[in-house]
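K.L.:
The structure file start35.txt (compact mmCIF, C-alpha atoms) is provided below.
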# COMPACT_ATOMS: atom_id res chain seq x y z
CA MET A 10 68.38 17.43 165.01
CA LYS A 11 69.12 13.80 164.26
CA PRO A 12 72.63 13.83 165.82
CA LEU A 13 71.23 15.55 168.89
CA PHE A 14 68.56 12.91 169.16
CA LEU A 15 71.04 10.05 168.88
CA ILE A 16 73.42 11.60 171.41
CA SER A 17 70.56 12.03 173.86
CA VAL A 18 69.53 8.41 173.45
CA MET A 19 73.04 7.08 174.00
CA THR A 20 73.70 9.34 176.98
CA LEU A 21 70.49 8.45 178.75
CA ASN A 22 71.00 4.76 178.17
CA LEU A 23 74.34 5.02 179.94
CA LEU A 24 72.44 6.09 183.02
CA ILE A 25 70.74 2.74 183.39
CA THR A 26 71.72 1.66 186.87
CA PRO A 27 69.65 -0.78 188.89
CA THR A 28 69.22 0.70 192.36
CA ALA A 29 66.37 -0.97 194.16
CA VAL A 30 67.10 -3.18 197.09
CA SER A 31 64.82 -6.15 197.42
CA GLU A 32 65.71 -8.57 200.11
CA ASN A 33 63.59 -11.00 201.98
CA ILE A 34 64.46 -12.01 205.49
CA GLY A 35 62.78 -15.36 205.70
CA HIS A 36 60.35 -18.01 204.62
CA SER A 37 56.98 -18.96 205.86
CA ASP A 38 56.06 -22.57 206.36
CA ALA A 39 52.58 -21.68 207.49
CA HIS A 40 51.55 -19.34 204.75
CA SER A 41 48.65 -17.05 204.97
CA HIS A 42 46.53 -17.05 201.84
CA GLN A 43 45.26 -14.17 199.85
CA ASP A 44 42.98 -13.75 196.91
CA VAL A 45 44.89 -11.65 194.42
CA SER A 46 44.25 -14.11 191.64
CA ALA A 47 41.36 -12.03 190.44
CA ASN A 48 43.32 -10.10 187.87
CA GLU A 49 40.42 -7.85 186.97
CA SER A 50 39.68 -6.36 190.32
CA ASP A 51 38.09 -3.07 189.42
CA SER A 52 34.82 -4.25 190.86
CA SER A 53 36.35 -5.75 194.00
CA HIS A 54 36.80 -3.62 197.07
CA ASP A 55 37.74 -6.36 199.48
CA VAL A 56 40.93 -6.03 201.43
CA HIS A 57 42.25 -9.29 202.83
CA HIS A 58 44.22 -9.14 206.02
CA HIS A 59 46.57 -11.92 206.97
CA GLN A 60 48.80 -12.42 209.92
CA SER A 61 50.87 -15.36 211.04
CA HIS A 62 51.69 -15.99 214.68
CA SER A 63 55.30 -16.92 215.29
CA VAL A 64 58.75 -16.41 213.87
CA HIS A 65 61.39 -18.78 212.47
CA PRO A 66 64.13 -16.73 210.82
CA VAL A 67 65.72 -18.40 207.84
CA GLU A 68 68.16 -17.35 205.17
CA SER A 69 67.66 -14.38 202.89
CA GLU A 70 66.20 -14.40 199.41
CA SER A 71 67.03 -12.07 196.56
CA ASP A 72 63.49 -10.92 196.00
CA ALA A 73 60.73 -9.87 198.35
CA THR A 74 58.36 -12.72 197.68
CA GLU A 75 57.37 -15.87 199.46
CA PRO A 76 57.69 -19.21 197.67
CA ASP A 77 53.95 -19.09 197.03
CA GLY A 78 54.34 -15.69 195.39
CA GLN A 79 53.18 -13.52 198.25
CA ALA A 80 55.16 -10.33 198.53
CA THR A 81 56.99 -9.64 201.76
CA LEU A 82 58.56 -6.49 203.11
CA THR A 83 61.07 -4.96 200.71
CA ARG A 84 64.16 -3.99 202.66
CA THR A 85 65.67 -0.54 202.22
CA ASP A 86 67.90 1.39 204.59
CA GLU A 87 64.93 3.51 205.65
CA ILE A 88 62.79 0.46 206.30
CA ASP A 89 65.55 -1.28 208.23
CA ARG A 90 66.01 1.78 210.41
CA ALA A 91 62.29 1.97 211.10
CA LEU A 92 62.18 -1.72 211.96
CA ALA A 93 65.16 -1.33 214.26
CA ALA A 94 63.32 1.49 216.00
CA GLY A 95 60.51 -0.90 216.80
CA GLY A 96 58.04 -0.09 214.06
CA ALA A 97 55.48 -2.62 212.89
CA PRO A 98 55.84 -3.91 209.31
CA ILE A 99 52.95 -4.01 206.85
CA VAL A 100 52.89 -5.24 203.27
CA ALA A 101 50.00 -4.41 200.98
CA ASP A 102 49.49 -5.86 197.52
CA VAL A 103 48.56 -3.00 195.23
CA LEU A 104 46.64 -3.31 191.99
CA GLY A 105 47.59 -1.24 188.98
CA VAL A 106 51.15 -0.40 189.96
CA VAL A 107 53.07 -0.38 186.70
CA CYS A 108 55.43 2.60 186.74
CA ASP A 109 57.46 4.99 188.84
CA PHE A 110 54.66 7.58 188.85
CA CYS A 111 52.56 4.97 190.67
CA ALA A 112 55.35 4.50 193.18
CA ILE A 113 55.76 8.24 193.66
CA ALA A 114 52.04 8.66 194.32
CA MET A 115 52.05 5.95 196.98
CA ASN A 116 55.26 7.26 198.52
CA LYS A 117 53.86 10.79 198.75
CA ILE A 118 50.50 9.84 200.20
CA PHE A 119 51.76 7.30 202.71
CA GLY A 120 54.94 9.18 203.48
CA ASP A 121 52.89 12.16 204.63
CA GLN A 122 51.13 10.13 207.31
CA PRO A 123 52.51 10.65 210.82
CA GLU A 124 51.91 6.97 211.58
CA VAL A 125 54.26 5.90 208.78
CA ALA A 126 57.98 5.80 209.52
CA ALA A 127 59.11 4.24 206.23
CA VAL A 128 57.54 3.43 202.90
CA TYR A 129 58.66 1.73 199.71
CA VAL A 130 56.79 0.64 196.59
CA ASP A 131 58.32 -2.34 194.83
CA LEU A 132 57.35 -2.49 191.15
CA ASP A 133 58.62 -6.07 190.92
CA THR A 134 56.32 -7.42 193.60
CA LYS A 135 53.60 -4.76 193.15
CA ALA A 136 53.69 -4.36 196.89
CA LEU A 137 53.65 -1.42 199.22
CA SER A 138 55.99 -1.89 202.17
CA LEU A 139 55.28 0.17 205.26
CA VAL A 140 56.82 0.37 208.67
CA LEU A 141 54.79 2.23 211.24
CA SER A 142 56.20 4.55 213.84
CA PRO A 143 56.55 2.87 217.23
CA SER A 144 53.22 2.76 219.09
CA SER A 145 51.33 3.89 215.99
CA SER A 146 48.59 2.02 214.21
CA LEU A 147 47.00 2.19 210.81
CA SER A 148 43.87 0.19 210.10
CA ASP A 149 43.27 -1.80 206.93
CA ALA A 150 40.49 0.60 206.03
CA ALA A 151 42.81 3.58 206.44
CA ILE A 152 45.45 1.93 204.25
CA ALA A 153 42.85 1.18 201.60
CA ASP A 154 41.59 4.75 201.71
CA LEU A 155 45.08 6.20 201.40
CA ALA A 156 45.72 3.96 198.41
CA VAL A 157 42.58 5.34 196.78
CA GLN A 158 43.85 8.86 197.37
CA ALA A 159 47.00 7.84 195.55
CA GLY A 160 44.87 6.49 192.70
CA TYR A 161 45.29 2.79 193.37
CA ARG A 162 43.61 -0.10 195.09
CA ILE A 163 44.71 -2.54 197.74
CA ALA A 164 44.14 -6.25 197.15
CA ALA A 165 45.52 -7.70 200.39
CA ILE A 166 47.30 -6.62 203.55
CA ARG A 167 49.75 -8.61 205.65
CA ARG A 168 51.14 -7.51 208.97
CA ASP A 169 53.95 -8.36 211.32
CA GLU A 170 55.37 -11.86 210.80
CA ALA A 171 53.31 -12.41 207.67
CA ALA A 172 54.64 -9.14 206.26
CA LEU A 173 58.19 -10.22 207.04
CA GLY A 174 57.65 -13.64 205.54
CA VAL A 175 58.49 -15.48 208.70
CA ALA A 176 56.19 -17.87 210.51
CA LEU A 177 56.00 -21.08 212.50
CA MET B 8 48.34 42.30 180.99
CA SER B 9 47.35 39.75 178.37
CA ARG B 10 50.47 40.72 176.37
CA LEU B 11 52.65 40.04 179.43
CA VAL B 12 50.98 36.70 180.09
CA GLY B 13 51.38 35.83 176.44
CA THR B 14 55.05 36.74 176.39
CA VAL B 15 55.78 34.67 179.49
CA ALA B 16 53.85 31.70 178.13
CA LEU B 17 55.59 31.86 174.77
CA LEU B 18 58.95 31.95 176.48
CA LEU B 19 58.00 28.84 178.38
CA LEU B 20 56.83 27.23 175.20
CA SER B 21 59.86 28.12 173.19
CA LEU B 22 61.43 24.72 173.74
CA ASN B 23 57.28 22.59 170.54
CA SER B 24 48.07 19.63 169.18
CA ASN B 25 48.85 18.56 171.93
CA ILE B 26 47.08 16.51 174.50
CA SER B 27 48.78 15.58 177.72
CA THR B 28 49.88 12.01 177.37
CA ALA B 29 51.40 11.08 180.68
CA ARG B 30 49.01 10.64 183.55
CA PRO B 31 46.95 13.84 183.38
CA VAL B 32 45.54 13.14 186.85
CA SER B 33 47.93 12.65 189.74
CA TYR B 34 47.58 11.60 193.36
CA THR B 35 45.52 13.76 195.69
CA GLY B 36 47.48 16.94 196.29
CA GLY B 37 49.93 16.30 193.47
CA VAL B 38 51.25 18.88 191.02
CA THR B 39 52.50 17.97 187.57
CA LEU B 40 54.30 19.95 184.90
CA ILE B 41 53.82 18.72 181.34
CA GLU B 42 55.53 20.16 178.27
CA GLU B 43 54.61 18.72 174.89
CA SER B 44 55.91 19.59 171.48
CA ASP B 45 54.79 17.93 168.28
CA ARG B 46 54.75 18.61 164.58
CA GLN B 47 52.40 21.56 164.90
CA SER B 48 52.43 23.08 168.35
CA THR B 49 54.11 23.40 171.70
CA SER B 50 52.23 23.38 174.98
CA LEU B 51 52.80 23.71 178.67
CA LEU B 52 50.32 22.44 181.24
CA VAL B 53 50.65 22.74 184.98
CA HIS B 54 47.96 20.83 186.80
CA PHE B 55 46.93 20.21 190.37
CA THR B 56 44.98 17.17 191.52
CA PRO B 57 42.54 18.07 194.33
CA ALA B 58 41.05 14.56 194.35
CA HIS B 59 42.25 11.35 192.79
CA GLN B 60 39.64 11.44 190.00
CA TRP B 61 40.25 14.88 188.55
CA SER B 62 42.80 17.60 188.02
CA ILE B 63 42.65 21.26 187.12
CA GLY B 64 45.39 23.02 185.24
CA LEU B 65 46.52 26.09 183.38
CA ARG B 66 47.51 25.47 179.81
CA GLY B 67 49.42 27.54 177.29
CA GLU B 68 49.82 26.36 173.73
CA HIS B 69 51.53 27.86 170.72
CA ASN B 70 50.31 26.76 167.31
CA ARG B 71 53.41 27.38 165.22
CA ASP B 72 51.70 26.73 161.90
CA GLN B 73 48.95 29.27 162.39
CA ASP B 74 50.66 31.75 164.67
CA TYR B 75 48.29 31.82 167.57
CA ALA B 76 48.48 30.95 171.22
CA LEU B 77 45.88 29.41 173.50
CA TYR B 78 45.55 30.06 177.20
CA THR B 79 42.96 27.85 178.84
CA LEU B 80 41.76 26.50 182.14
CA HIS B 81 42.15 22.77 181.66
CA PRO B 82 40.21 20.25 183.77
CA THR B 83 40.69 16.50 183.34
CA TRP B 84 38.42 13.83 184.76
CA LEU B 85 39.55 10.28 185.32
CA ALA B 86 36.30 8.65 184.25
CA LYS B 87 37.46 5.10 184.86
CA ARG B 88 40.55 3.25 185.98
CA TRP B 89 40.86 -0.47 185.47
CA PHE B 90 43.11 -2.17 187.97
CA GLY B 91 44.84 -5.47 187.59
CA ALA B 92 47.66 -7.22 189.37
CA ASN B 93 49.85 -6.57 186.32
CA HIS B 94 48.15 -3.84 184.37
CA GLN B 95 46.39 -0.53 184.54
CA GLY B 96 43.93 1.06 182.15
CA ASN B 97 42.51 4.58 182.20
CA LEU B 98 39.80 6.55 180.51
CA TYR B 99 40.00 10.33 180.79
CA LEU B 100 37.78 13.16 179.62
CA HIS B 101 39.43 16.53 179.28
CA GLY B 102 38.41 20.01 178.29
CA GLY B 103 39.41 23.61 178.38
CA VAL B 104 38.11 27.12 177.91
CA GLY B 105 40.03 30.35 177.52
CA VAL B 106 41.33 32.66 174.86
CA ALA B 107 43.20 32.36 171.59
CA THR B 108 45.42 35.25 170.59
CA GLY B 109 47.49 35.99 167.52
CA VAL B 110 51.28 35.91 167.84
CA ASN B 111 54.24 36.70 165.59
CA GLY B 112 52.36 39.52 163.90
CA ASN B 113 49.13 37.60 163.37
CA PRO B 114 46.54 40.41 163.00
CA LEU B 115 43.54 38.35 164.08
CA GLY B 116 43.58 39.63 167.64
CA GLU B 117 41.87 37.55 170.30
CA ASP B 118 38.89 35.25 170.48
CA ILE B 119 37.34 32.78 172.88
CA ALA B 120 38.61 29.22 172.55
CA ALA B 121 37.42 25.89 173.88
CA HIS B 122 38.58 22.33 173.51
CA GLY B 123 37.55 18.88 174.67
CA GLY B 124 38.39 15.27 174.09
CA VAL B 125 39.00 11.81 175.42
CA MET B 126 42.09 9.85 176.24
CA ALA B 127 42.53 6.19 177.05
CA ASP B 128 45.58 4.13 177.88
CA TRP B 129 46.46 0.63 178.94
CA GLU B 130 49.83 -0.53 180.14
CA THR B 131 51.77 -3.22 181.84
CA ARG B 132 55.41 -2.94 182.80
CA SER B 133 56.40 -3.94 179.28
CA LEU B 134 53.51 -3.04 176.96
CA PHE B 135 51.73 0.22 176.31
CA ALA B 136 48.83 1.35 174.12
CA SER B 137 46.93 4.61 174.08
CA TYR B 138 44.45 6.69 172.14
CA ARG B 139 43.68 10.37 172.50
CA SER B 140 41.59 12.90 170.68
CA ARG B 141 40.82 16.58 170.90
CA TYR B 142 38.48 18.97 169.17
CA LEU B 143 39.54 22.60 169.38
CA ASP B 144 37.42 25.59 168.46
CA ALA B 145 39.70 28.62 168.47
CA GLY B 146 37.11 31.11 167.23
CA HIS B 147 38.22 33.02 164.17
CA PHE B 148 41.56 31.20 164.27
CA GLY B 149 39.69 28.10 163.17
CA ALA B 150 38.78 24.67 164.46
CA GLN B 151 40.78 21.50 164.49
CA PHE B 152 40.31 17.84 165.30
CA VAL B 153 43.30 15.73 166.24
CA HIS B 154 43.48 12.15 167.28
CA ALA B 155 46.40 9.84 167.80
CA ALA B 156 47.15 6.28 168.79
CA ARG B 157 50.30 4.88 170.28
CA ALA B 158 51.78 1.46 170.90
CA GLY B 159 55.04 0.65 172.60
CA PHE B 160 57.10 -1.80 174.53
CA ALA B 161 59.86 -1.74 177.11
CA PRO B 162 62.97 -3.61 175.98
CA TYR B 163 63.83 -4.37 179.60
CA ILE B 164 61.98 -4.14 182.91
CA GLY B 165 63.57 -1.89 185.48
CA LYS B 166 63.05 -1.79 189.19
CA THR B 167 61.58 1.07 191.18
CA GLY B 168 63.69 4.17 190.60
CA ASP B 169 65.66 2.75 187.68
CA LEU B 170 65.80 4.40 184.31
CA HIS B 171 62.93 2.86 182.34
CA THR B 172 63.06 2.97 178.56
CA TRP B 173 60.20 2.53 176.12
CA LEU B 174 60.19 2.33 172.35
CA MET B 175 56.98 3.62 170.84
CA LEU B 176 55.27 4.48 167.58
CA GLU B 177 52.62 7.17 167.42
CA ILE B 178 50.23 7.60 164.50
CA ASP B 179 48.39 10.88 164.44
CA HIS B 180 45.60 12.07 162.20
CA ARG B 181 44.69 15.70 161.63
CA PRO B 182 42.04 15.82 158.91
CA SER B 183 42.43 19.55 158.36
CA GLU B 184 46.17 19.36 157.65
CA ARG B 185 47.72 19.00 154.20
CA ILE B 186 49.60 15.92 155.40
CA SER B 187 46.80 14.55 157.48
CA MET B 188 48.39 11.39 158.86
CA THR B 189 51.90 10.99 160.19
CA ALA B 190 53.91 8.39 162.05
CA THR B 191 56.34 9.33 164.80
CA PRO B 192 58.76 6.80 166.27
CA LEU B 193 59.85 7.88 169.71
CA ILE B 194 61.77 6.80 172.74
CA ARG B 195 60.51 7.38 176.27
CA PHE B 196 62.80 7.66 179.25
CA PHE B 197 61.23 7.45 182.66
CA LYS B 198 63.06 7.80 185.93
CA GLY B 199 61.46 8.72 189.21
CA PRO B 200 59.39 11.87 188.76
CA VAL B 201 60.78 12.65 185.30
CA LEU B 202 59.47 11.45 181.97
CA LEU B 203 61.13 12.50 178.70
CA GLU B 204 60.02 11.55 175.20
CA LEU B 205 62.07 12.22 172.09
CA GLY B 206 60.79 11.44 168.65
CA TYR B 207 60.81 12.60 165.07
CA THR B 208 58.04 12.95 162.52
CA PHE B 209 59.97 12.32 159.32
CA SER B 210 57.17 13.14 156.88
CA VAL B 211 57.06 16.75 158.08
CA ASN B 212 60.59 16.98 159.50
CA GLN B 213 59.50 17.98 162.96
CA PRO B 214 60.72 16.74 166.34
CA LEU B 215 58.57 15.48 169.16
CA ILE B 216 59.79 16.54 172.59
CA ASN B 217 57.65 15.79 175.62
CA PHE B 218 58.66 16.31 179.21
CA THR B 219 56.75 15.60 182.40
CA TYR B 220 57.77 16.29 185.97
CA ARG B 221 55.60 15.13 188.84
CA LEU B 222 56.03 16.87 192.16
Show this structure as structure tokens.
P.N.:
Amino acid sequence: MKPLFLISVMTLNLLITPTAVSENIGHSDAHSHQDVSANESDSSHDVHHHQSHSVHPVESESDATEPDGQATLTRTDEIDRALAAGGAPIVADVLGVVCDFCAIAMNKIFGDQPEVAAVYVDLDTKALSLVLSPSSSLSDAAIADLAVQAGYRIAAIRRDEAALGVAL
Amino acid sequence: MSRLVGTVALLLLSLNSNISTARPVSYTGGVTLIEESDRQSTSLLVHFTPAHQWSIGLRGEHNRDQDYALYTLHPTWLAKRWFGANHQGNLYLHGGVGVATGVNGNPLGEDIAAHGGVMADWETRSLFASYRSRYLDAGHFGAQFVHAARAGFAPYIGKTGDLHTWLMLEIDHRPSERISMTATPLIRFFKGPVLLELGYTFSVNQPLINFTYRL
């Protein structure tokens, strides 16, 4: 039994291969502000919605966060395709996301929505990245409700330029 | 019919008290398969989550020490979830009612069985702690109380979809057993929908093999 155990451990450790793609497409110099600092948020149901108003593309970053720590859209092939098709980007900060089961739950629930063209949960930024189908909409309340169905809670929502991390 | 169900369940359990340790409530509409094998028994639970605060499952469990099997309807209620930007905590209540039946020539026949307990966990991306307990009344097969605590850490932090690895130590206490308290070091591998735990309880020379698949 012991040799089998050790062989299993060594084999599985060889499978460690980082795969996630986290890439930011810009900075914001007119940051929107959110209130995620309340670490214990089980009694808070507020969802904060932020949106900036113009775009100044700048160079990429290696992680999907703004300099002030706000998560921006995590870029995957699926998300890039949905953006290219004209979908609107949304980033939601999610409380309690600590493992892949959390990510799977969010992916399943949001991925089943006809309004959602692409979805990705980034464990590093604890953010849910969504791109809507062209001409579709999804309200903050609907996003919060879907997160509850997945077992989690939304702390803040950013859309469009604020979600992309680009602004004035 | 019950013999057929028993045979099928025992085949499924042929891989090893047993309380589901990995997220016993899923997302709304989710289905989860959980196999657990410890120093005394092997179980298989398939549960469905109709709403985010509870799940209902079918459970089969083979007590290898006492040669009986349990088949129960197994509901779990997520009584409370604590959310933080970097952590999550959960409190679950679970139960079950069904039948216990002798296996491997056990002449005791069948009896009604019921179990219930609590489970709590708290984790970040690098730290984990949990506690779980269960009281089982298996009719003339006897009653048993089991509780266990776990602590662990992740030696590295992986990204979404990576292989995540945890090193853990579980202490379990079974007052009715000859060796009532044991320690089981284990390693947890977690990738996507699959969770695998491999450990060994040295004091009783028994492996721990837990597997979870979330659909």
K.L.:
Can you work out the spacing between atom CA of Pro82 of chain B and atom CA of Val130 of chain A in Å, to one decimal?
P.N.:
28.7 Å
K.L.:
Select, from A:Ala150, A:Val175, A:Ala127, A:Leu132, the residue with the minimum atom-to-atom distance to Asp102 of chain A, counting all atoms listed in the file.
P.N.:
A:Leu132
K.L.:
Based on only C-alpha atoms, which of the residues in chain B come within 7 Å of chain A? I want them as number ranges by chain.
P.N.:
B: 34-35, 59, 89-95, 131-132, 166-170, 198-200
K.L.:
Would you write out those residues with C-alpha atoms, as a tab-separated table (two decimals), in the coordinates of the input?
P.N.:
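Below you can see out.tsv, which holds the result:
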chain	number	residue	atom	x	y	z
B	34	TYR	CA	47.58	11.60	193.36
B	35	THR	CA	45.52	13.76	195.69
B	59	HIS	CA	42.25	11.35	192.79
B	89	TRP	CA	40.86	-0.47	185.47
B	90	PHE	CA	43.11	-2.17	187.97
B	91	GLY	CA	44.84	-5.47	187.59
B	92	ALA	CA	47.66	-7.22	189.37
B	93	ASN	CA	49.85	-6.57	186.32
B	94	HIS	CA	48.15	-3.84	184.37
B	95	GLN	CA	46.39	-0.53	184.54
B	131	THR	CA	51.77	-3.22	181.84
B	132	ARG	CA	55.41	-2.94	182.80
B	166	LYS	CA	63.05	-1.79	189.19
B	167	THR	CA	61.58	1.07	191.18
B	168	GLY	CA	63.69	4.17	190.60
B	169	ASP	CA	65.66	2.75	187.68
B	170	LEU	CA	65.80	4.40	184.31
B	198	LYS	CA	63.06	7.80	185.93
B	199	GLY	CA	61.46	8.72	189.21
B	200	PRO	CA	59.39	11.87	188.76
K.L.:
Could you check the closest approach to His81 of chain B for each of B:Ala127, B:Ala121, B:Val211, B:Met188 and tell me which residue wins, using all atoms listed in the file?
P.N.:
B:Ala121
K.L.:
Which polymer residues have any atom within 8 Å of an atom of Ile41 of chain B, counting only C-alpha atoms, with same-chain residues fewer than 2 positions away left out, as a list in words?
P.N.:
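Skipping anything fewer than 2 positions along the chain leaves Ser27, Thr39, Glu43, Leu51, Leu52, Val53, Asn217, Phe218, Thr219 and Tyr220 of chain B.
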K.L.:
Please list, as a count of residues only, the residues that have an atom at most 6 Å away from (50.0, -5.9, 202.2) in the coordinates of this file, counting all atoms listed in the file.
P.N.:
7
K.L.:
How many Å lie between atom CA of His101 of chain B and atom CA of Gly149 of chain B, rounded to one decimal?
P.N.:
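Here the two named atoms are 19.8 Å from each other.
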K.L.:
Compute the distance from (45.3, 41.3, 166.2) to each atom, counting only C-alpha atoms, keep the residues with any atom at most 12 Å away, and return them as a JSON list (two decimals) with C-alpha atoms, in the frame of the given file; use the coordinates of the file.
P.N.:
[["chain", "number", "residue", "atom", "x", "y", "z"],
["B", 10, "ARG", "CA", 50.47, 40.72, 176.37],
["B", 74, "ASP", "CA", 50.66, 31.75, 164.67],
["B", 75, "TYR", "CA", 48.29, 31.82, 167.57],
["B", 76, "ALA", "CA", 48.48, 30.95, 171.22],
["B", 107, "ALA", "CA", 43.20, 32.36, 171.59],
["B", 108, "THR", "CA", 45.42, 35.25, 170.59],
["B", 109, "GLY", "CA", 47.49, 35.99, 167.52],
["B", 110, "VAL", "CA", 51.28, 35.91, 167.84],
["B", 111, "ASN", "CA", 54.24, 36.70, 165.59],
["B", 112, "GLY", "CA", 52.36, 39.52, 163.90],
["B", 113, "ASN", "CA", 49.13, 37.60, 163.37],
["B", 114, "PRO", "CA", 46.54, 40.41, 163.00],
["B", 115, "LEU", "CA", 43.54, 38.35, 164.08],
["B", 116, "GLY", "CA", 43.58, 39.63, 167.64],
["B", 117, "GLU", "CA", 41.87, 37.55, 170.30],
["B", 118, "ASP", "CA", 38.89, 35.25, 170.48],
["B", 147, "HIS", "CA", 38.22, 33.02, 164.17],
["B", 148, "PHE", "CA", 41.56, 31.20, 164.27]]
K.L.:
Can you tell me, as a list in words, what residues are no more than 6 Å from Gly67 of chain B when counting only C-alpha atoms, ignoring any on the same chain fewer than 4 positions away?
P.N.:
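Final neighbour list, sorted by chain and number: Ser50, Leu51, Leu77 and Tyr78 of chain B.
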K.L.:
Would you work out the distance separating atom CA of Leu174 of chain B from atom CA of Val153 of chain B, expressed in Å to one decimal?
P.N.:
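According to the coordinates, atom CA of Leu174 of chain B and atom CA of Val153 of chain B are separated by 22.4 Å.
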K.L.:
From the set B:Leu98, B:Met126, B:Met175, B:Val104, which residue has the shortest atom-to-atom contact distance to Leu65 of chain B, counting all atoms listed in the file?
P.N.:
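Residue with the minimum atom-to-atom distance to Leu65 of chain B: B:Val104.
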